[in-house]
$ cat query_26.cif   # mmCIF, C-alpha atoms
data_work
#
loop_
_atom_site.group_PDB
_atom_site.id
_atom_site.type_symbol
_atom_site.label_atom_id
_atom_site.label_comp_id
_atom_site.auth_asym_id
_atom_site.auth_seq_id
_atom_site.Cartn_x
_atom_site.Cartn_y
_atom_site.Cartn_z
ATOM 1 C CA VAL U 1 26.683 15.991 22.883
ATOM 2 C CA LYS U 2 25.076 17.850 20.052
ATOM 3 C CA LYS U 3 21.332 17.407 19.860
ATOM 4 C CA LYS U 4 20.303 15.487 16.763
ATOM 5 C CA THR U 5 17.202 16.690 15.018
ATOM 6 C CA ASP U 6 14.880 14.803 12.804
ATOM 7 C CA VAL U 7 14.537 16.143 9.305
ATOM 8 C CA ARG U 8 11.641 18.515 9.031
ATOM 9 C CA GLN U 9 8.905 17.290 6.733
ATOM 10 C CA GLY U 10 9.341 18.425 3.154
ATOM 11 C CA THR U 11 12.886 19.710 3.527
ATOM 12 C CA LEU U 12 14.635 16.395 2.908
ATOM 13 C CA ALA U 13 13.671 16.369 -0.778
ATOM 14 C CA LEU U 14 15.322 19.749 -1.188
ATOM 15 C CA MET U 15 18.458 18.523 0.621
ATOM 16 C CA VAL U 16 18.621 15.462 -1.612
ATOM 17 C CA LEU U 17 18.262 17.501 -4.808
ATOM 18 C CA LYS U 18 20.839 20.065 -3.711
ATOM 19 C CA THR U 19 23.341 17.414 -2.617
ATOM 20 C CA LEU U 20 23.009 15.626 -5.965
ATOM 21 C CA ASP U 21 23.381 18.991 -7.700
ATOM 22 C CA ILE U 22 26.678 19.733 -5.961
ATOM 23 C CA LEU U 23 28.239 16.293 -5.765
ATOM 24 C CA GLY U 24 26.923 14.558 -8.876
ATOM 25 C CA PRO U 25 25.705 10.923 -8.900
ATOM 26 C CA GLN U 26 25.535 9.285 -5.470
ATOM 27 C CA HIS U 27 24.209 6.026 -4.124
ATOM 28 C CA GLY U 28 21.580 6.188 -1.389
ATOM 29 C CA TYR U 29 24.002 5.308 1.373
ATOM 30 C CA GLY U 30 26.513 7.943 0.257
ATOM 31 C CA LEU U 31 23.714 10.467 -0.033
ATOM 32 C CA ALA U 32 22.624 9.778 3.556
ATOM 33 C CA ARG U 33 26.196 10.152 4.840
ATOM 34 C CA ARG U 34 26.734 13.350 2.798
ATOM 35 C CA ILE U 35 23.538 14.952 4.036
ATOM 36 C CA GLU U 36 24.506 14.169 7.625
ATOM 37 C CA GLN U 37 27.979 15.557 6.944
ATOM 38 C CA ILE U 38 26.695 18.784 5.376
ATOM 39 C CA SER U 39 24.340 19.289 8.317
ATOM 40 C CA GLY U 40 27.400 19.193 10.606
ATOM 41 C CA ASP U 41 26.044 15.910 11.984
ATOM 42 C CA ARG U 42 22.999 17.677 13.356
ATOM 43 C CA LEU U 43 20.734 15.460 11.270
ATOM 44 C CA THR U 44 20.298 11.716 11.348
ATOM 45 C CA LEU U 45 18.596 10.158 8.382
ATOM 46 C CA ASN U 46 16.298 7.180 8.554
ATOM 47 C CA THR U 47 16.678 4.607 5.821
ATOM 48 C CA GLY U 48 12.911 4.273 6.060
ATOM 49 C CA THR U 49 12.518 7.934 5.120
ATOM 50 C CA LEU U 50 15.287 8.312 2.576
ATOM 51 C CA TYR U 51 14.611 5.417 0.204
ATOM 52 C CA PRO U 52 10.867 5.950 -0.205
ATOM 53 C CA LEU U 53 11.652 9.616 -0.878
ATOM 54 C CA LEU U 54 14.237 8.680 -3.528
ATOM 55 C CA LEU U 55 11.702 6.359 -5.119
ATOM 56 C CA ARG U 56 9.079 9.101 -5.153
ATOM 57 C CA LEU U 57 11.489 11.685 -6.598
ATOM 58 C CA GLU U 58 12.424 9.202 -9.304
ATOM 59 C CA GLN U 59 8.776 8.508 -10.114
ATOM 60 C CA GLU U 60 8.187 12.259 -10.323
ATOM 61 C CA GLY U 61 11.117 12.484 -12.725
ATOM 62 C CA ALA U 62 13.277 14.793 -10.602
ATOM 63 C CA ILE U 63 16.026 12.197 -10.341
ATOM 64 C CA ALA U 64 16.989 9.089 -12.280
ATOM 65 C CA SER U 65 19.022 6.090 -11.247
ATOM 66 C CA GLU U 66 21.021 3.217 -12.620
ATOM 67 C CA ARG U 67 23.038 0.483 -10.983
ATOM 68 C CA GLY U 68 26.787 0.818 -10.986
ATOM 69 C CA PRO U 69 29.841 -0.222 -8.982
ATOM 70 C CA SER U 70 30.501 1.532 -5.657
ATOM 71 C CA GLU U 71 33.948 2.730 -4.481
ATOM 72 C CA ASN U 72 34.792 -0.781 -3.358
ATOM 73 C CA ASN U 73 33.173 -2.474 -6.322
ATOM 74 C CA ARG U 74 29.863 -3.373 -4.764
ATOM 75 C CA SER U 75 26.834 -3.011 -6.965
ATOM 76 C CA ALA U 76 24.634 -0.110 -5.845
ATOM 77 C CA ARG U 77 21.963 2.172 -7.280
ATOM 78 C CA PHE U 78 23.346 5.588 -8.227
ATOM 79 C CA TYR U 79 21.015 8.568 -8.351
ATOM 80 C CA HIS U 80 21.535 11.685 -10.436
ATOM 81 C CA LEU U 81 19.609 14.899 -10.992
ATOM 82 C CA THR U 82 17.549 15.245 -14.182
ATOM 83 C CA ALA U 83 16.757 18.484 -16.029
ATOM 84 C CA VAL U 84 13.319 18.406 -14.380
ATOM 85 C CA GLY U 85 14.977 17.990 -10.992
ATOM 86 C CA ARG U 86 17.334 20.892 -11.622
ATOM 87 C CA ARG U 87 14.396 23.167 -12.469
ATOM 88 C CA GLN U 88 12.495 21.902 -9.417
ATOM 89 C CA LEU U 89 15.526 22.589 -7.241
ATOM 90 C CA GLN U 90 15.805 26.155 -8.523
ATOM 91 C CA SER U 91 12.160 26.985 -7.964
ATOM 92 C CA GLU U 92 12.032 25.300 -4.555
ATOM 93 C CA ALA U 93 15.220 27.047 -3.465
ATOM 94 C CA ARG U 94 13.664 30.374 -4.454
ATOM 95 C CA ASP U 95 10.484 29.550 -2.511
ATOM 96 C CA TRP U 96 12.474 28.475 0.493
ATOM 97 C CA GLU U 97 14.595 31.627 0.537
ATOM 98 C CA ARG U 98 11.483 33.765 0.267
ATOM 99 C CA THR U 99 9.819 31.924 3.154
ATOM 100 C CA ALA U 100 12.954 32.020 5.298
ATOM 101 C CA ALA U 101 13.402 35.758 4.696
ATOM 102 C CA LEU U 102 9.775 36.382 5.578
ATOM 103 C CA ILE U 103 9.964 34.392 8.831
ATOM 104 C CA ALA U 104 13.255 36.118 9.671
ATOM 105 C CA ARG U 105 11.498 39.494 9.492
ATOM 106 C CA PHE U 106 8.916 38.311 12.012
ATOM 107 C CA PHE U 107 11.543 37.002 14.396
ATOM 108 C CA SER U 108 13.637 40.166 14.270
ATOM 109 C CA VAL U 109 10.824 42.674 14.526
ATOM 110 C CA LYS U 110 10.651 44.824 17.665
ATOM 111 C CA ALA U 111 7.696 46.850 18.877
ATOM 112 C CA ASP U 112 9.586 50.073 18.184
ATOM 113 C CA ASP U 113 9.915 49.228 14.494
ATOM 114 C CA LEU U 114 6.155 49.314 14.101
ATOM 115 C CA GLN U 115 5.447 52.751 15.548
ATOM 116 C CA MET N 1 -15.633 3.823 -19.559
ATOM 117 C CA ARG N 2 -13.866 6.360 -17.392
ATOM 118 C CA ARG N 3 -14.678 4.275 -14.339
ATOM 119 C CA LEU N 4 -13.254 1.211 -16.009
ATOM 120 C CA ARG N 5 -10.071 3.111 -16.809
ATOM 121 C CA ARG N 6 -9.809 4.282 -13.221
ATOM 122 C CA PHE N 7 -10.383 0.761 -11.973
ATOM 123 C CA LEU N 8 -7.604 -0.537 -14.220
ATOM 124 C CA ARG N 9 -5.309 2.227 -13.017
ATOM 125 C CA ARG N 10 -5.981 1.238 -9.398
ATOM 126 C CA LEU N 11 -5.357 -2.392 -10.248
ATOM 127 C CA SER N 12 -2.040 -1.503 -11.829
ATOM 128 C CA ALA N 13 -1.285 0.735 -8.822
ATOM 129 C CA SER N 14 -1.617 -2.176 -6.436
ATOM 130 C CA LEU N 15 0.714 -4.159 -8.661
ATOM 131 C CA THR N 16 3.193 -1.247 -8.833
ATOM 132 C CA ARG N 17 3.177 -1.090 -5.063
ATOM 133 C CA ARG N 18 4.530 -4.618 -4.994
ATOM 134 C CA ARG N 19 7.266 -3.599 -7.454
ATOM 135 C CA ASP N 20 8.070 -0.569 -5.255
ATOM 136 C CA ASP N 21 8.389 -2.851 -2.233
ATOM 137 C CA ASP N 22 10.893 -5.019 -4.106
ATOM 138 C CA ARG N 23 12.858 -1.929 -5.062
ATOM 139 C CA LEU N 24 12.944 -0.668 -1.446
ATOM 140 C CA ARG N 25 14.080 -4.090 -0.235
ATOM 141 C CA GLU N 26 16.901 -3.963 -2.783
ATOM 142 C CA ASP N 27 17.832 -0.415 -1.671
ATOM 143 C CA LEU N 28 17.906 -1.528 1.940
ATOM 144 C CA ALA N 29 20.154 -4.523 1.133
ATOM 145 C CA ASP N 30 22.551 -2.184 -0.735
ATOM 146 C CA HIS N 31 22.489 0.239 2.179
ATOM 147 C CA ILE N 32 23.396 -2.477 4.670
ATOM 148 C CA ALA N 33 26.198 -3.760 2.420
ATOM 149 C CA LEU N 34 27.691 -0.279 1.991
ATOM 150 C CA GLN N 35 27.380 0.447 5.705
ATOM 151 C CA THR N 36 29.176 -2.851 6.404
ATOM 152 C CA ASP N 37 32.021 -1.802 4.088
ATOM 153 C CA ASP N 38 32.267 1.506 5.940
ATOM 154 C CA ASN N 39 32.335 -0.208 9.308
ATOM 155 C CA ILE N 40 35.127 -2.535 8.164
ATOM 156 C CA ARG N 41 37.120 0.458 6.951
ATOM 157 C CA ALA N 42 36.580 1.976 10.389
ATOM 158 C CA GLY N 43 38.366 -1.043 11.844
ATOM 159 C CA MET N 44 35.601 -3.464 12.822
ATOM 160 C CA SER N 45 35.837 -7.194 12.201
ATOM 161 C CA ALA N 46 33.704 -8.404 9.298
ATOM 162 C CA ALA N 47 31.113 -10.026 11.569
ATOM 163 C CA GLU N 48 30.859 -7.020 13.884
ATOM 164 C CA ALA N 49 30.647 -4.650 10.892
ATOM 165 C CA ARG N 50 27.726 -6.593 9.469
ATOM 166 C CA ARG N 51 25.998 -6.801 12.845
ATOM 167 C CA GLN N 52 26.257 -3.048 13.427
ATOM 168 C CA ALA N 53 25.011 -2.325 9.915
ATOM 169 C CA LEU N 54 21.973 -4.539 10.436
ATOM 170 C CA LEU N 55 21.372 -2.938 13.823
ATOM 171 C CA SER N 56 21.275 0.570 12.345
ATOM 172 C CA VAL N 57 18.379 -0.545 10.178
ATOM 173 C CA GLN N 58 16.739 -2.705 12.815
ATOM 174 C CA VAL N 59 16.451 0.265 15.166
ATOM 175 C CA LEU N 60 14.344 1.999 12.547
ATOM 176 C CA GLY N 61 12.027 -0.985 12.502
ATOM 177 C CA ASP N 62 11.637 -0.719 16.267
ATOM 178 C CA GLN N 63 10.889 2.995 15.966
ATOM 179 C CA LEU N 64 8.158 2.279 13.472
ATOM 180 C CA ASP N 65 6.793 -0.468 15.720
ATOM 181 C CA ASP N 66 6.335 2.077 18.502
ATOM 182 C CA GLN N 67 4.762 4.640 16.232
ATOM 183 C CA PHE N 68 2.352 2.208 14.707
ATOM 184 C CA SER N 69 1.323 0.169 17.739
ATOM 185 C CA ALA N 70 -2.029 1.971 18.018
ATOM 186 C CA VAL N 71 -2.671 1.568 14.322
ATOM 187 C CA ARG N 72 -1.710 -2.080 14.555
ATOM 188 C CA ALA N 73 -4.147 -2.617 17.426
ATOM 189 C CA ALA N 74 -6.893 -0.993 15.358
ATOM 190 C CA ARG N 75 -5.922 -3.160 12.412
ATOM 191 C CA THR N 76 -6.112 -6.343 14.483
ATOM 192 C CA MET N 77 -9.591 -5.283 15.517
ATOM 193 C CA PHE N 78 -10.506 -4.690 11.873
ATOM 194 C CA VAL N 79 -9.214 -8.105 10.913
ATOM 195 C CA VAL N 80 -11.156 -9.830 13.724
ATOM 196 C CA PHE N 81 -14.418 -7.975 13.153
ATOM 197 C CA GLY N 82 -14.043 -8.087 9.380
ATOM 198 C CA GLY N 83 -13.431 -11.825 9.515
ATOM 199 C CA LEU N 84 -16.414 -12.244 11.810
ATOM 200 C CA ALA N 85 -18.600 -10.192 9.483
ATOM 201 C CA LEU N 86 -17.467 -12.248 6.498
ATOM 202 C CA LEU N 87 -18.191 -15.482 8.384
ATOM 203 C CA LEU N 88 -21.643 -14.263 9.466
ATOM 204 C CA SER N 89 -22.555 -13.145 5.966
ATOM 205 C CA ALA N 90 -21.340 -16.482 4.590
ATOM 206 C CA ILE N 91 -23.565 -18.356 7.077
ATOM 207 C CA GLY N 92 -26.487 -16.021 6.411
ATOM 208 C CA LEU N 93 -26.078 -16.277 2.662
ATOM 209 C CA TYR N 94 -25.905 -20.053 2.811
ATOM 210 C CA ALA N 95 -29.001 -20.256 5.010
ATOM 211 C CA ALA N 96 -31.013 -17.850 2.856
ATOM 212 C CA LEU N 97 -30.172 -19.491 -0.467
ATOM 213 C CA ALA N 98 -30.584 -23.008 0.854
ATOM 214 C CA PHE N 99 -33.947 -22.061 2.373
ATOM 215 C CA LEU N 100 -35.194 -20.371 -0.808
ATOM 216 C CA ILE N 101 -34.353 -23.383 -2.900
ATOM 217 C CA GLY N 102 -35.509 -25.922 -0.282
ATOM 218 C CA GLU N 103 -38.848 -24.140 -0.202
ATOM 219 C CA ARG N 104 -39.265 -24.742 -3.908
ATOM 220 C CA THR N 105 -38.506 -28.457 -3.792
ATOM 221 C CA ARG N 106 -42.156 -29.323 -4.384
ATOM 222 C CA GLU N 107 -42.514 -26.853 -7.246
ATOM 223 C CA ILE N 108 -39.411 -28.332 -8.786
ATOM 224 C CA GLY N 109 -40.902 -31.800 -8.468
ATOM 225 C CA VAL N 110 -43.977 -30.592 -10.319
ATOM 226 C CA ARG N 111 -41.858 -29.071 -13.044
ATOM 227 C CA ILE N 112 -39.990 -32.339 -13.478
ATOM 228 C CA ALA N 113 -43.279 -34.240 -13.550
ATOM 229 C CA LEU N 114 -44.476 -31.897 -16.296
ATOM 230 C CA GLY N 115 -41.414 -32.667 -18.363
ATOM 231 C CA ALA N 116 -38.716 -30.209 -17.311
ATOM 232 C CA SER N 117 -35.260 -31.731 -17.630
ATOM 233 C CA ARG N 118 -32.834 -31.781 -14.676
ATOM 234 C CA ALA N 119 -30.680 -29.271 -16.578
ATOM 235 C CA ASP N 120 -33.705 -26.937 -16.891
ATOM 236 C CA VAL N 121 -34.271 -27.126 -13.158
ATOM 237 C CA GLY N 122 -30.591 -26.584 -12.458
ATOM 238 C CA ARG N 123 -30.551 -23.502 -14.685
ATOM 239 C CA LEU N 124 -33.685 -22.135 -13.012
ATOM 240 C CA VAL N 125 -32.261 -22.539 -9.538
ATOM 241 C CA PHE N 126 -28.877 -21.111 -10.480
ATOM 242 C CA ARG N 127 -30.368 -18.090 -12.215
ATOM 243 C CA ARG N 128 -32.452 -17.291 -9.153
ATOM 244 C CA GLY N 129 -29.466 -17.690 -6.809
ATOM 245 C CA THR N 130 -27.221 -15.590 -9.023
ATOM 246 C CA VAL N 131 -29.737 -12.734 -9.084
ATOM 247 C CA ILE N 132 -29.983 -12.751 -5.292
ATOM 248 C CA PHE N 133 -26.230 -13.018 -4.770
ATOM 249 C CA GLY N 134 -25.410 -10.480 -7.499
ATOM 250 C CA GLY N 135 -27.841 -7.943 -6.040
ATOM 251 C CA GLY N 136 -26.354 -8.355 -2.586
ATOM 252 C CA ALA N 137 -22.766 -8.194 -3.832
ATOM 253 C CA LEU N 138 -23.442 -5.032 -5.861
ATOM 254 C CA ALA N 139 -25.178 -3.341 -2.905
ATOM 255 C CA GLY N 140 -22.284 -4.331 -0.635
ATOM 256 C CA LEU N 141 -19.657 -3.107 -3.092
ATOM 257 C CA ALA N 142 -21.467 0.218 -3.466
ATOM 258 C CA ALA N 143 -21.563 0.590 0.322
ATOM 259 C CA CYS N 144 -17.822 -0.209 0.474
ATOM 260 C CA VAL N 145 -16.982 2.359 -2.161
ATOM 261 C CA PHE N 146 -18.901 5.036 -0.238
ATOM 262 C CA ALA N 147 -17.914 3.999 3.292
ATOM 263 C CA GLY N 148 -14.277 3.055 2.556
ATOM 264 C CA PRO N 149 -12.920 6.633 2.512
ATOM 265 C CA LEU N 150 -14.358 7.171 6.013
ATOM 266 C CA LEU N 151 -11.613 4.965 7.412
ATOM 267 C CA ALA N 152 -8.932 5.937 4.932
ATOM 268 C CA HIS N 153 -6.862 7.431 7.775
ATOM 269 C CA LEU N 154 -6.560 3.977 9.358
ATOM 270 C CA LEU N 155 -5.397 2.237 6.192
ATOM 271 C CA TYR N 156 -1.700 1.829 5.485
ATOM 272 C CA GLY N 157 -0.309 0.398 2.305
ATOM 273 C CA VAL N 158 -3.804 -0.068 0.883
ATOM 274 C CA GLY N 159 -6.184 2.523 -0.522
ATOM 275 C CA PRO N 160 -9.799 2.836 0.667
ATOM 276 C CA ARG N 161 -10.863 1.549 -2.747
ATOM 277 C CA ASP N 162 -8.143 -0.985 -3.306
ATOM 278 C CA PRO N 163 -9.459 -3.260 -6.080
ATOM 279 C CA ILE N 164 -7.966 -6.454 -4.697
ATOM 280 C CA ALA N 165 -9.372 -5.819 -1.216
ATOM 281 C CA LEU N 166 -12.752 -4.869 -2.679
ATOM 282 C CA LEU N 167 -12.950 -8.003 -4.811
ATOM 283 C CA ALA N 168 -11.727 -10.490 -2.198
ATOM 284 C CA GLY N 169 -14.887 -10.288 -0.037
ATOM 285 C CA PRO N 170 -17.411 -10.849 -2.839
ATOM 286 C CA LEU N 171 -15.201 -13.605 -4.237
ATOM 287 C CA VAL N 172 -15.297 -15.563 -0.969
ATOM 288 C CA LEU N 173 -19.052 -15.049 -0.776
ATOM 289 C CA ALA N 174 -19.416 -16.122 -4.413
ATOM 290 C CA VAL N 175 -17.818 -19.463 -3.546
ATOM 291 C CA VAL N 176 -20.216 -19.781 -0.601
ATOM 292 C CA ALA N 177 -23.149 -18.842 -2.858
ATOM 293 C CA VAL N 178 -22.230 -21.475 -5.433
ATOM 294 C CA LEU N 179 -22.100 -24.107 -2.675
ATOM 295 C CA ALA N 180 -25.313 -22.827 -1.111
ATOM 296 C CA ILE N 181 -27.109 -23.100 -4.442
ATOM 297 C CA TRP N 182 -25.481 -26.260 -5.669
ATOM 298 C CA LEU N 183 -26.104 -28.510 -2.638
ATOM 299 C CA PRO N 184 -29.888 -27.926 -2.311
ATOM 300 C CA ALA N 185 -30.226 -27.706 -6.102
ATOM 301 C CA ARG N 186 -28.759 -31.187 -6.429
ATOM 302 C CA ARG N 187 -31.256 -32.422 -3.885
ATOM 303 C CA ALA N 188 -34.087 -30.626 -5.701
ATOM 304 C CA MET N 189 -33.114 -32.201 -9.016
ATOM 305 C CA ARG N 190 -33.342 -35.655 -7.466
ATOM 306 C CA VAL N 191 -36.876 -35.041 -6.218
ATOM 307 C CA ASP N 192 -39.148 -37.942 -7.081
ATOM 308 C CA PRO N 193 -41.852 -36.266 -9.204
ATOM 309 C CA VAL N 194 -44.470 -38.785 -8.041
ATOM 310 C CA ALA N 195 -43.825 -38.012 -4.387
ATOM 311 C CA ALA N 196 -43.938 -34.297 -5.121
ATOM 312 C CA LEU N 197 -47.264 -34.598 -6.892
ATOM 313 C CA ARG N 198 -48.787 -36.800 -4.236
ATOM 314 C CA ALA N 199 -47.866 -34.218 -1.597
ATOM 315 C CA GLU N 200 -49.630 -31.539 -3.647
#
$ encode --input "query_26.cif" --output "structure tokens"
Amino acid sequence: VKKKTDVRQGTLALMVLKTLDILGPQHGYGLARRIEQISGDRLTLNTGTLYPLLLRLEQEGAIASERGPSENNRSARFYHLTAVGRRQLQSEARDWERTAALIARFFSVKADDLQ
Amino acid sequence: MRRLRRFLRRLSASLTRRRDDDRLREDLADHIALQTDDNIRAGMSAAEARRQALLSVQVLGDQLDDQFSAVRAARTMFVVFGGLALLLSAIGLYAALAFLIGERTREIGVRIALGASRADVGRLVFRRGTVIFGGGALAGLAACVFAGPLLAHLLYGVGPRDPIALLAGPLVLAVVAVLAIWLPARRAMRVDPVAALRAE
């Protein structure tokens, strides 16, 4: 059994933005399933985390939503990335890569390297 | 002016929060419906699909229950002690106002004997009571505004300076104050001026 991890604070917003960027408009449920799928089922999402986050991102203007029919013609709220969200995604991705690269240096350093 | 604007913003914020709650409830209902569809596609019966979908959300509720049990215990304590404090201040306020006005019964009798109308006396008594109550309410509100942030970390879903919460206490006390002034004031207005003068 693979160990399931909770989503680290602050990273879920980035995952949401990136998933919307790649896949286009999604409803919240689809978004949750997609994020779990992309993580290779290593993540489980809480509805109690996801929907407040979506609401916050919408209030910040990074995403927008409108109701529409789902695959099997149920009414659901579909979220899509806005121009603001796309810019936010780019800058946050850059930040994240910088941080990750920096931490990677610390983890790979050996005493010999610092002579 | 800036304070007023901020107050209005807070007021609208507590209304927005209610709208946000409605939105999240709607999201959750959609989520359960879509999960049910998925479960049916995976081969479950309609009833079982719905049950499992509800369960996946219910479990979250249980998780939150565990996480918040300490906070909830603290909140129960707040409610009990807060209620007690409100009750005590209501009793104290009633006693103080009723005493102040009762003490002046004789003076009021004299005023009536000298030609003051009942309405004059009523106005006098109410003005006095309003000054006392208003002073107390303002002092209490100021203390709340300063002390509220000290327990901000224990408040969920309500800010330390939530306008509705801040106004509810004084409003209850205002009702008590009106009663506490009105009952003895009515008695004072009925004072027999002759009896009051004779007692002088």
$ closest_atom_pairs --input "query_26.cif" --of "chain U" --to "chain N" --cutoff "9 Å" --atoms "all atoms listed in the file" --output "tab-separated table"
residue	atom	partner	partner_atom	distance
U:His27	CA	N:His31	CA	8.7
U:Gly28	CA	N:His31	CA	7.0
U:Tyr29	CA	N:His31	CA	5.4
U:Gly30	CA	N:Leu34	CA	8.5
U:Asn46	CA	N:Leu60	CA	6.8
U:Thr47	CA	N:Val57	CA	7.0
U:Gly48	CA	N:Leu60	CA	7.0
U:Tyr51	CA	N:Leu24	CA	6.5
U:Pro52	CA	N:Leu24	CA	7.0
U:Leu55	CA	N:Asp20	CA	7.8
U:Ser70	CA	N:Leu34	CA	8.3
U:Asn72	CA	N:Asp37	CA	8.0
U:Arg74	CA	N:Leu34	CA	7.7
U:Ser75	CA	N:Asp30	CA	7.6
U:Ala76	CA	N:Asp30	CA	5.9
U:Arg77	CA	N:Asp27	CA	7.4
$ atom_distance --input "query_26.cif" --atom1 "CA of Ser14 (chain N)" --atom2 "CA of His80 (chain U)"
27.3 Å
$ residues_near_point --input "query_26.cif" --point "(14.8, 23.5, -7.4)" --cutoff "10 Å" --atoms "all atoms listed in the file" --output "ChimeraX atom specification"
/U:13-14,17-18,21,62,84-96
$ atom_distance --input "query_26.cif" --atom1 "CA of Leu154 (chain N)" --atom2 "CA of Asp65 (chain N)"
15.4 Å
$ residues_near_point --input "query_26.cif" --point "(11.9, 11.9, -13.5)" --cutoff "9 Å" --atoms "all atoms listed in the file" --output "list in words"
Leu57, Glu58, Gln59, Glu60, Gly61, Ala62, Ile63, Ala64, Leu81, Thr82, Ala83, Val84 and Gly85 of chain U
$ atom_distance --input "query_26.cif" --atom1 "CA of Pro149 (chain N)" --atom2 "CA of Ala70 (chain N)"
19.5 Å
$ resolve_selection --input "query_26.cif" --expression "the PyMOL selection byres ((chain N and resi 78-89) around 12)" --output "MDAnalysis selection string"
chainID N and resid 71:77 90:97 133 136:137 140 151 154:155 165 168:174 176:177
